[in-house]
file entry_39.txt (compact mmCIF, C-alpha atoms and all ligand atoms)
# COMPACT_ATOMS: atom_id res chain seq x y z
CA MET A 1 98.64 111.78 103.17
CA ALA A 2 99.91 108.62 101.44
CA GLU A 3 100.72 105.59 103.55
CA LEU A 4 103.70 103.26 103.41
CA ILE A 5 102.79 99.55 103.51
CA VAL A 6 105.62 97.08 104.06
CA ALA A 7 105.16 93.71 102.35
CA LEU A 8 105.72 90.86 104.82
CA ASP A 9 107.10 88.56 102.12
CA VAL A 10 108.25 85.89 104.58
CA SER A 11 106.94 82.42 105.24
CA THR A 12 106.47 82.17 108.99
CA ALA A 13 104.63 84.16 111.65
CA ALA A 14 107.84 84.35 113.67
CA GLU A 15 109.72 86.02 110.82
CA ALA A 16 106.80 88.38 110.23
CA GLU A 17 106.72 89.39 113.86
CA ALA A 18 110.48 89.91 113.89
CA VAL A 19 110.12 92.35 110.98
CA VAL A 20 107.31 94.21 112.73
CA ALA A 21 109.29 94.42 115.96
CA ARG A 22 112.44 95.56 114.16
CA LEU A 23 110.68 98.31 112.21
CA GLY A 24 108.84 99.52 115.30
CA SER A 25 107.23 102.93 115.01
CA ALA A 26 108.80 103.54 111.57
CA VAL A 27 106.00 101.50 109.93
CA SER A 28 102.33 101.22 110.83
CA PHE A 29 100.89 99.22 107.89
CA TYR A 30 101.83 95.72 106.69
CA LYS A 31 100.84 93.57 103.74
CA ILE A 32 100.18 89.88 104.32
CA GLY A 33 100.04 87.96 101.06
CA LEU A 34 99.24 84.45 99.96
CA GLU A 35 102.58 82.94 100.95
CA LEU A 36 102.44 84.05 104.57
CA PHE A 37 98.68 83.58 104.95
CA ALA A 38 98.81 80.04 103.52
CA ALA A 39 101.65 79.19 105.91
CA ALA A 40 100.58 80.98 109.07
CA GLY A 41 96.84 81.62 108.68
CA PRO A 42 94.60 84.14 110.46
CA GLU A 43 96.83 83.91 113.53
CA VAL A 44 99.48 85.98 111.77
CA VAL A 45 96.94 88.75 111.14
CA ALA A 46 96.11 88.76 114.84
CA ARG A 47 99.80 88.90 115.76
CA VAL A 48 100.49 91.89 113.53
CA LYS A 49 97.33 93.65 114.79
CA LYS A 50 98.48 93.03 118.37
CA HIS A 51 101.46 95.28 117.64
CA GLY A 52 98.91 98.03 116.88
CA LYS A 53 99.52 97.88 113.13
CA HIS A 54 97.18 98.08 110.15
CA VAL A 55 96.92 94.98 107.93
CA PHE A 56 96.50 94.80 104.16
CA LEU A 57 95.42 91.21 103.41
CA ASP A 58 96.34 90.60 99.78
CA LEU A 59 94.51 87.38 98.89
CA LYS A 60 93.15 88.62 95.53
CA LEU A 61 89.72 87.10 96.02
CA HIS A 62 88.08 85.86 92.83
CA ASP A 63 85.11 83.49 93.19
CA ILE A 64 81.33 83.47 92.99
CA PRO A 65 79.72 86.47 94.74
CA ARG A 66 78.41 84.48 97.72
CA THR A 67 81.82 82.98 98.45
CA VAL A 68 83.58 86.32 98.15
CA GLU A 69 80.97 87.98 100.34
CA ARG A 70 81.60 85.42 103.06
CA ALA A 71 85.37 85.60 102.67
CA VAL A 72 85.28 89.40 103.03
CA LYS A 73 83.19 88.98 106.20
CA SER A 74 85.83 86.60 107.54
CA CYS A 75 88.57 89.12 106.71
CA GLY A 76 86.59 91.91 108.38
CA ALA A 77 86.18 89.80 111.50
CA LEU A 78 89.97 89.48 111.66
CA GLY A 79 90.23 93.27 111.78
CA VAL A 80 91.84 93.56 108.35
CA ASP A 81 92.03 97.20 107.18
CA LEU A 82 92.53 96.71 103.44
CA LEU A 83 91.99 93.68 101.17
CA THR A 84 92.14 92.76 97.50
CA ILE A 85 89.70 91.23 95.04
CA HIS A 86 90.03 90.62 91.29
CA SER A 87 88.02 93.03 89.16
CA ALA A 88 87.66 90.24 86.60
CA GLY A 89 85.30 88.48 89.02
CA GLY A 90 82.64 90.81 87.63
CA LYS A 91 80.07 93.33 88.81
CA ALA A 92 78.09 91.13 91.18
CA MET A 93 81.23 89.81 92.86
CA ILE A 94 82.67 93.31 93.32
CA ARG A 95 79.36 94.51 94.74
CA ALA A 96 79.16 91.53 97.09
CA ALA A 97 82.65 92.30 98.41
CA ALA A 98 81.82 96.00 98.92
CA ASP A 99 78.52 95.22 100.64
CA ALA A 100 80.16 92.68 102.94
CA ALA A 101 82.85 95.20 103.89
CA ALA A 102 80.18 97.85 104.58
CA THR A 103 78.62 95.67 107.28
CA PHE A 104 81.62 96.53 109.49
CA GLY A 105 80.66 100.23 109.58
CA ALA A 106 83.31 102.86 110.24
CA ASN A 107 86.01 100.25 110.83
CA ARG A 108 85.20 98.40 107.64
CA PRO A 109 87.98 96.89 105.57
CA ARG A 110 88.64 98.92 102.41
CA VAL A 111 88.31 96.86 99.23
CA VAL A 112 90.72 97.41 96.36
CA ALA A 113 90.66 95.54 93.07
CA VAL A 114 93.44 94.09 90.97
CA THR A 115 92.85 94.91 87.29
CA CYS A 116 95.39 92.99 85.17
CA LEU A 117 98.24 91.23 86.92
CA THR A 118 101.47 92.91 85.86
CA SER A 119 102.88 89.47 85.05
CA LEU A 120 100.53 89.36 82.04
CA ASP A 121 101.32 90.86 78.65
CA GLN A 122 99.20 91.43 75.56
CA ALA A 123 99.76 87.88 74.32
CA ASP A 124 98.55 86.46 77.66
CA LEU A 125 95.39 88.55 77.35
CA ALA A 126 94.82 87.15 73.86
CA ASP A 127 95.14 83.62 75.30
CA ILE A 128 92.16 84.33 77.57
CA GLY A 129 90.14 85.96 74.83
CA VAL A 130 90.83 89.62 75.61
CA THR A 131 91.64 91.45 72.40
CA ARG A 132 91.60 95.11 73.44
CA ALA A 133 94.84 96.82 74.38
CA MET A 134 96.18 96.20 77.88
CA VAL A 135 95.82 99.87 78.80
CA GLU A 136 92.13 99.79 77.84
CA GLN A 137 91.59 96.56 79.73
CA VAL A 138 93.18 98.01 82.89
CA ALA A 139 91.08 101.20 82.56
CA ALA A 140 87.84 99.29 81.99
CA LEU A 141 88.43 96.94 84.94
CA GLY A 142 89.37 99.91 87.14
CA SER A 143 86.10 101.67 86.35
CA LEU A 144 84.13 98.46 86.76
CA ALA A 145 85.57 98.03 90.27
CA VAL A 146 85.02 101.57 91.52
CA GLY A 147 81.67 101.82 89.73
CA ASN A 148 80.47 98.83 91.71
CA GLY A 149 81.52 99.89 95.15
CA ALA A 150 85.23 99.07 95.44
CA ASP A 151 87.26 101.71 97.27
CA GLY A 152 89.99 101.70 94.66
CA ILE A 153 92.46 99.60 92.75
CA VAL A 154 95.97 98.21 92.83
CA CYS A 155 98.00 99.66 89.99
CA SER A 156 101.56 100.08 88.82
CA PRO A 157 103.30 103.44 89.22
CA GLN A 158 102.94 103.97 85.46
CA GLU A 159 99.16 103.77 85.71
CA VAL A 160 98.65 106.12 88.65
CA VAL A 161 98.22 109.40 86.77
CA ALA A 162 95.69 108.00 84.30
CA MET A 163 93.79 106.11 86.99
CA ARG A 164 93.58 109.10 89.30
CA ARG A 165 92.11 111.10 86.44
CA ARG A 166 89.72 108.31 85.50
CA LEU A 167 88.56 107.20 88.95
CA GLY A 168 88.32 110.58 90.67
CA PRO A 169 89.78 112.04 93.86
CA GLN A 170 88.31 109.51 96.33
CA ALA A 171 89.69 106.28 94.85
CA LEU A 172 92.45 104.48 96.72
CA LEU A 173 95.41 103.79 94.44
CA VAL A 174 97.64 101.12 95.95
CA THR A 175 100.97 100.98 94.18
CA PRO A 176 103.75 98.38 94.34
CA GLY A 177 106.94 98.72 92.29
CA VAL A 178 108.28 101.60 94.34
CA ARG A 179 112.02 102.08 94.58
CA PRO A 180 113.90 104.84 96.38
CA ALA A 181 116.04 106.91 94.00
CA GLY A 182 119.17 104.93 93.10
CA ALA A 183 117.98 101.59 94.58
CA ASP A 184 118.29 98.14 93.00
CA VAL A 185 115.07 97.56 91.04
CA GLY A 186 115.25 93.72 91.33
CA ASP A 187 112.64 92.05 89.12
CA GLN A 188 110.33 95.07 89.16
CA LYS A 189 110.07 96.40 85.63
CA ARG A 190 107.78 99.36 86.09
CA VAL A 191 109.13 101.40 88.97
CA ALA A 192 108.79 104.89 90.38
CA THR A 193 110.37 106.67 93.31
CA PRO A 194 108.23 107.21 96.41
CA ALA A 195 108.08 110.95 95.76
CA GLN A 196 106.95 110.46 92.17
CA ALA A 197 104.27 107.90 93.07
CA VAL A 198 102.81 110.22 95.72
CA ARG A 199 102.97 113.23 93.40
CA ASP A 200 101.11 111.23 90.77
CA GLY A 201 98.28 110.45 93.19
CA ALA A 202 99.02 107.09 94.84
CA THR A 203 97.46 106.73 98.30
CA HIS A 204 99.33 103.61 99.47
CA LEU A 205 102.84 102.50 98.47
CA VAL A 206 103.69 98.83 98.92
CA VAL A 207 107.40 98.26 99.45
CA GLY A 208 109.16 94.98 100.19
CA ARG A 209 112.78 94.29 99.42
CA PRO A 210 114.16 97.84 99.61
CA ILE A 211 113.21 97.74 103.30
CA LEU A 212 113.38 94.03 104.19
CA GLU A 213 116.82 93.57 102.60
CA ALA A 214 118.32 96.85 103.78
CA THR A 215 121.25 96.76 106.22
CA ASP A 216 119.18 99.03 108.44
CA PRO A 217 115.50 98.37 107.62
CA ARG A 218 114.22 100.96 110.04
CA ALA A 219 116.35 103.69 108.51
CA ALA A 220 115.33 102.54 105.02
CA ALA A 221 111.64 102.79 105.95
CA ALA A 222 112.13 106.20 107.54
CA ALA A 223 113.94 107.44 104.42
CA ILE A 224 111.11 106.25 102.18
CA ARG A 225 108.54 107.95 104.40
CA ALA A 226 110.56 111.14 104.28
CA GLU A 227 110.63 110.89 100.46
CA MET A 228 106.85 110.43 100.53
CA GLY A 229 106.40 113.44 102.76
CA ALA A 230 104.69 111.13 105.27
O1 LIG A 301 109.98 93.63 97.16
P1 LIG A 301 109.06 94.55 96.43
O2 LIG A 301 109.13 95.99 96.89
O3 LIG A 301 109.18 94.40 94.94
O4 LIG A 301 107.64 94.02 96.87
C1 LIG A 301 106.48 94.57 96.40
C2 LIG A 301 105.29 93.77 96.88
O5 LIG A 301 104.20 94.08 96.03
C3 LIG A 301 105.46 92.26 96.82
O6 LIG A 301 104.73 91.68 97.89
C4 LIG A 301 104.85 91.89 95.51
O7 LIG A 301 104.28 90.61 95.49
C5 LIG A 301 103.75 92.93 95.36
N1 LIG A 301 103.38 93.21 93.97
C6 LIG A 301 104.28 93.63 93.03
N2 LIG A 301 103.90 93.93 91.76
C7 LIG A 301 102.66 93.81 91.42
C8 LIG A 301 101.71 93.38 92.35
C9 LIG A 301 102.10 93.10 93.63
O8 LIG A 301 105.45 93.76 93.31
N3 LIG A 301 102.32 94.13 90.20
call {"tool": "encode", "arguments": {"input": "entry_39.txt", "output": "structure tokens"}}
result
Amino acid sequence: MAELIVALDVSTAAEAEAVVARLGSAVSFYKIGLELFAAAGPEVVARVKKHGKHVFLDLKLHDIPRTVERAVKSCGALGVDLLTIHSAGGKAMIRAAADAAATFGANRPRVVAVTCLTSLDQADLADIGVTRAMVEQVAALGSLAVGNGADGIVCSPQEVVAMRRRLGPQALLVTPGVRPAGADVGDQKRVATPAQAVRDGATHLVVGRPILEATDPRAAAAAIRAEMGA
């Protein structure tokens, strides 16, 4: 069963908690990203957890293996359920993150890797010395991550079918860029409906504005979950 994750794209713990309180039982999983974490720190993770919710800490870790290992241990100690690393950090870094997560046993944080940021295009890859096609780069970094112990990857709705085929049935596929049928797509260029993303094999859908900016956020979240079959 795929899970809905609501992106807490706000800048204070108070705003984050207001969203969590307002959505109530309609949502059980929240994403805390760099903006909120840099502003409100580990305390905001604790506050969201106190509401009985799961936390996806999206810090996109990318550093030497030892540093990432220690950062993942810090995230695990906060009770984070899902976190991100950059696949481009390489084999040893991915392995260090997976091993650090494993030390938490059954309640370990799941580790998912970012392949290529969707803000990059082919010309940006060339600037950093990557000459193969974007689709090949994404596929290679996806396999590198899962082959070295990551639980899955973050990918766009357009990549879900190919990645599910490539990475096998166990991989987590965390997918932003989800828009309910007929919704404003905002600045998201590669979008899919919740039903399509789930059909294609996504395990977690990350949704922000269609819920946060809705007149009735709780109803918007419930409608998306219904579309997901969740
Ligand atoms: O508001 P929206 O539904 O577009 O928010 C989606 C969330 O997923 C945001 O927190 C955004 O930063 C994140 N994200 C994304 N596209 C990516 C990677 C992450 O929209 N390629």
call {"tool": "residues_around", "arguments": {"input": "entry_39.txt", "residues": "range 19-29 of chain A", "least_positions_apart": "2", "cutoff": "9 Å", "atoms": "only C-alpha atoms", "output": "list of chain:residue names"}}
result
A:Glu3, A:Leu4, A:Ile5, A:Val6, A:Ala7, A:Leu8, A:Ala14, A:Glu15, A:Ala16, A:Glu17, A:Lys31, A:Val48, A:His51, A:Gly52, A:Lys53, A:His54, A:Val55, A:Phe56, A:Leu212, A:Pro217, A:Arg218, A:Ala219, A:Ala221, A:Ala222, A:Arg225
call {"tool": "residues_near_ligand", "arguments": {"input": "entry_39.txt", "ligand": "ligand LIG 301 (chain A)", "cutoff": "7 Å", "atoms": "all atoms listed in the file", "output": "PyMOL selection string"}}
result
chain A and resi 7+9+33+117-119+156+176-178+188+206-210
call {"tool": "closest_residue", "arguments": {"input": "entry_39.txt", "among": "A:Arg70, A:Lys60, A:Arg165, A:Arg95", "to": "Cys116 in chain A", "atoms": "only C-alpha atoms"}}
result
A:Lys60
call {"tool": "closest_residue", "arguments": {"input": "entry_39.txt", "among": "A:Asp200, A:Thr131, A:Glu213, A:Lys49", "to": "Ala183 in chain A", "atoms": "all atoms listed in the file"}}
result
A:Glu213
call {"tool": "closest_residue", "arguments": {"input": "entry_39.txt", "among": "A:Ala126, A:Leu57, A:Leu167, A:Val174", "to": "Asn148 in chain A", "atoms": "only C-alpha atoms"}}
result
A:Leu167
call {"tool": "atom_distance", "arguments": {"input": "entry_39.txt", "atom1": "CA of Ile32 in chain A", "atom2": "CA of Asp58 in chain A"}}
result
6.0 Å
call {"tool": "residues_around", "arguments": {"input": "entry_39.txt", "residues": "Met228 in chain A", "least_positions_apart": "2", "cutoff": "6 Å", "atoms": "only C-alpha atoms", "output": "PyMOL selection string"}}
result
chain A and resi 194-195+225-226+230
call {"tool": "write_last_selection", "arguments": {"input": "entry_39.txt", "atoms": "C-alpha atoms", "output": "PDB file, in the coordinates of the input"}}
result
ATOM      1  CA  PRO A 194     108.230 107.210  96.410  1.00  0.00           C
ATOM      2  CA  ALA A 195     108.080 110.950  95.760  1.00  0.00           C
ATOM      3  CA  ARG A 225     108.540 107.950 104.400  1.00  0.00           C
ATOM      4  CA  ALA A 226     110.560 111.140 104.280  1.00  0.00           C
ATOM      5  CA  ALA A 230     104.690 111.130 105.270  1.00  0.00           C
TER       6      ALA A 230
END
call {"tool": "closest_residue", "arguments": {"input": "entry_39.txt", "among": "A:Gly89, A:Gly201, A:Gly105, A:Gly79", "to": "Glu43 in chain A", "atoms": "only C-alpha atoms"}}
result
A:Gly79
call {"tool": "atom_distance", "arguments": {"input": "entry_39.txt", "atom1": "CA of Arg110 in chain A", "atom2": "CA of Lys189 in chain A"}}
result
27.3 Å
call {"tool": "residues_around", "arguments": {"input": "entry_39.txt", "residues": "range 140-143 of chain A", "least_positions_apart": "6", "cutoff": "9 Å", "atoms": "only C-alpha atoms", "output": "JSON, numbers by chain"}}
result
{"A": [87, 88, 90, 113, 114, 115, 116, 152, 153, 154, 163, 166, 167]}
call {"tool": "atom_distance", "arguments": {"input": "entry_39.txt", "atom1": "CA of Val72 in chain A", "atom2": "CA of Leu36 in chain A"}}
result
18.0 Å
call {"tool": "axis_aligned_box", "arguments": {"input": "entry_39.txt", "around": "range 101-108 of chain A", "padding_each_side": "6 Å", "output": "JSON"}}
result
{"center_x": 82.3, "center_y": 99.0, "center_z": 107.4, "size_x": 19.4, "size_y": 19.7, "size_z": 18.9}
call {"tool": "decode", "arguments": {"input": "entry_39.txt", "residues": "range 10-32 of chain A", "atoms": "C-alpha atoms", "output": "JSON list (two decimals), in the first residue's frame"}}
result
[["chain", "number", "residue", "atom", "x", "y", "z"],
["A", 10, "VAL", "CA", 7.08, 26.07, 5.88],
["A", 11, "SER", "CA", 9.74, 27.91, 7.80],
["A", 12, "THR", "CA", 8.79, 27.62, 11.45],
["A", 13, "ALA", "CA", 7.98, 24.79, 13.85],
["A", 14, "ALA", "CA", 4.75, 26.56, 14.79],
["A", 15, "GLU", "CA", 3.53, 26.59, 11.19],
["A", 16, "ALA", "CA", 4.56, 22.95, 10.78],
["A", 17, "GLU", "CA", 2.65, 21.94, 13.87],
["A", 18, "ALA", "CA", -0.40, 23.89, 12.74],
["A", 19, "VAL", "CA", -0.40, 21.91, 9.47],
["A", 20, "VAL", "CA", -0.06, 18.62, 11.33],
["A", 21, "ALA", "CA", -2.87, 19.54, 13.72],
["A", 22, "ARG", "CA", -5.12, 20.72, 10.90],
["A", 23, "LEU", "CA", -4.65, 17.58, 8.81],
["A", 24, "GLY", "CA", -5.18, 15.32, 11.82],
["A", 25, "SER", "CA", -5.81, 11.68, 11.04],
["A", 26, "ALA", "CA", -5.98, 12.36, 7.28],
["A", 27, "VAL", "CA", -2.16, 12.27, 7.09],
["A", 28, "SER", "CA", 0.34, 10.14, 8.99],
["A", 29, "PHE", "CA", 3.64, 10.93, 7.22],
["A", 30, "TYR", "CA", 5.40, 14.30, 6.83],
["A", 31, "LYS", "CA", 8.47, 15.49, 4.98],
["A", 32, "ILE", "CA", 10.82, 17.92, 6.72]]
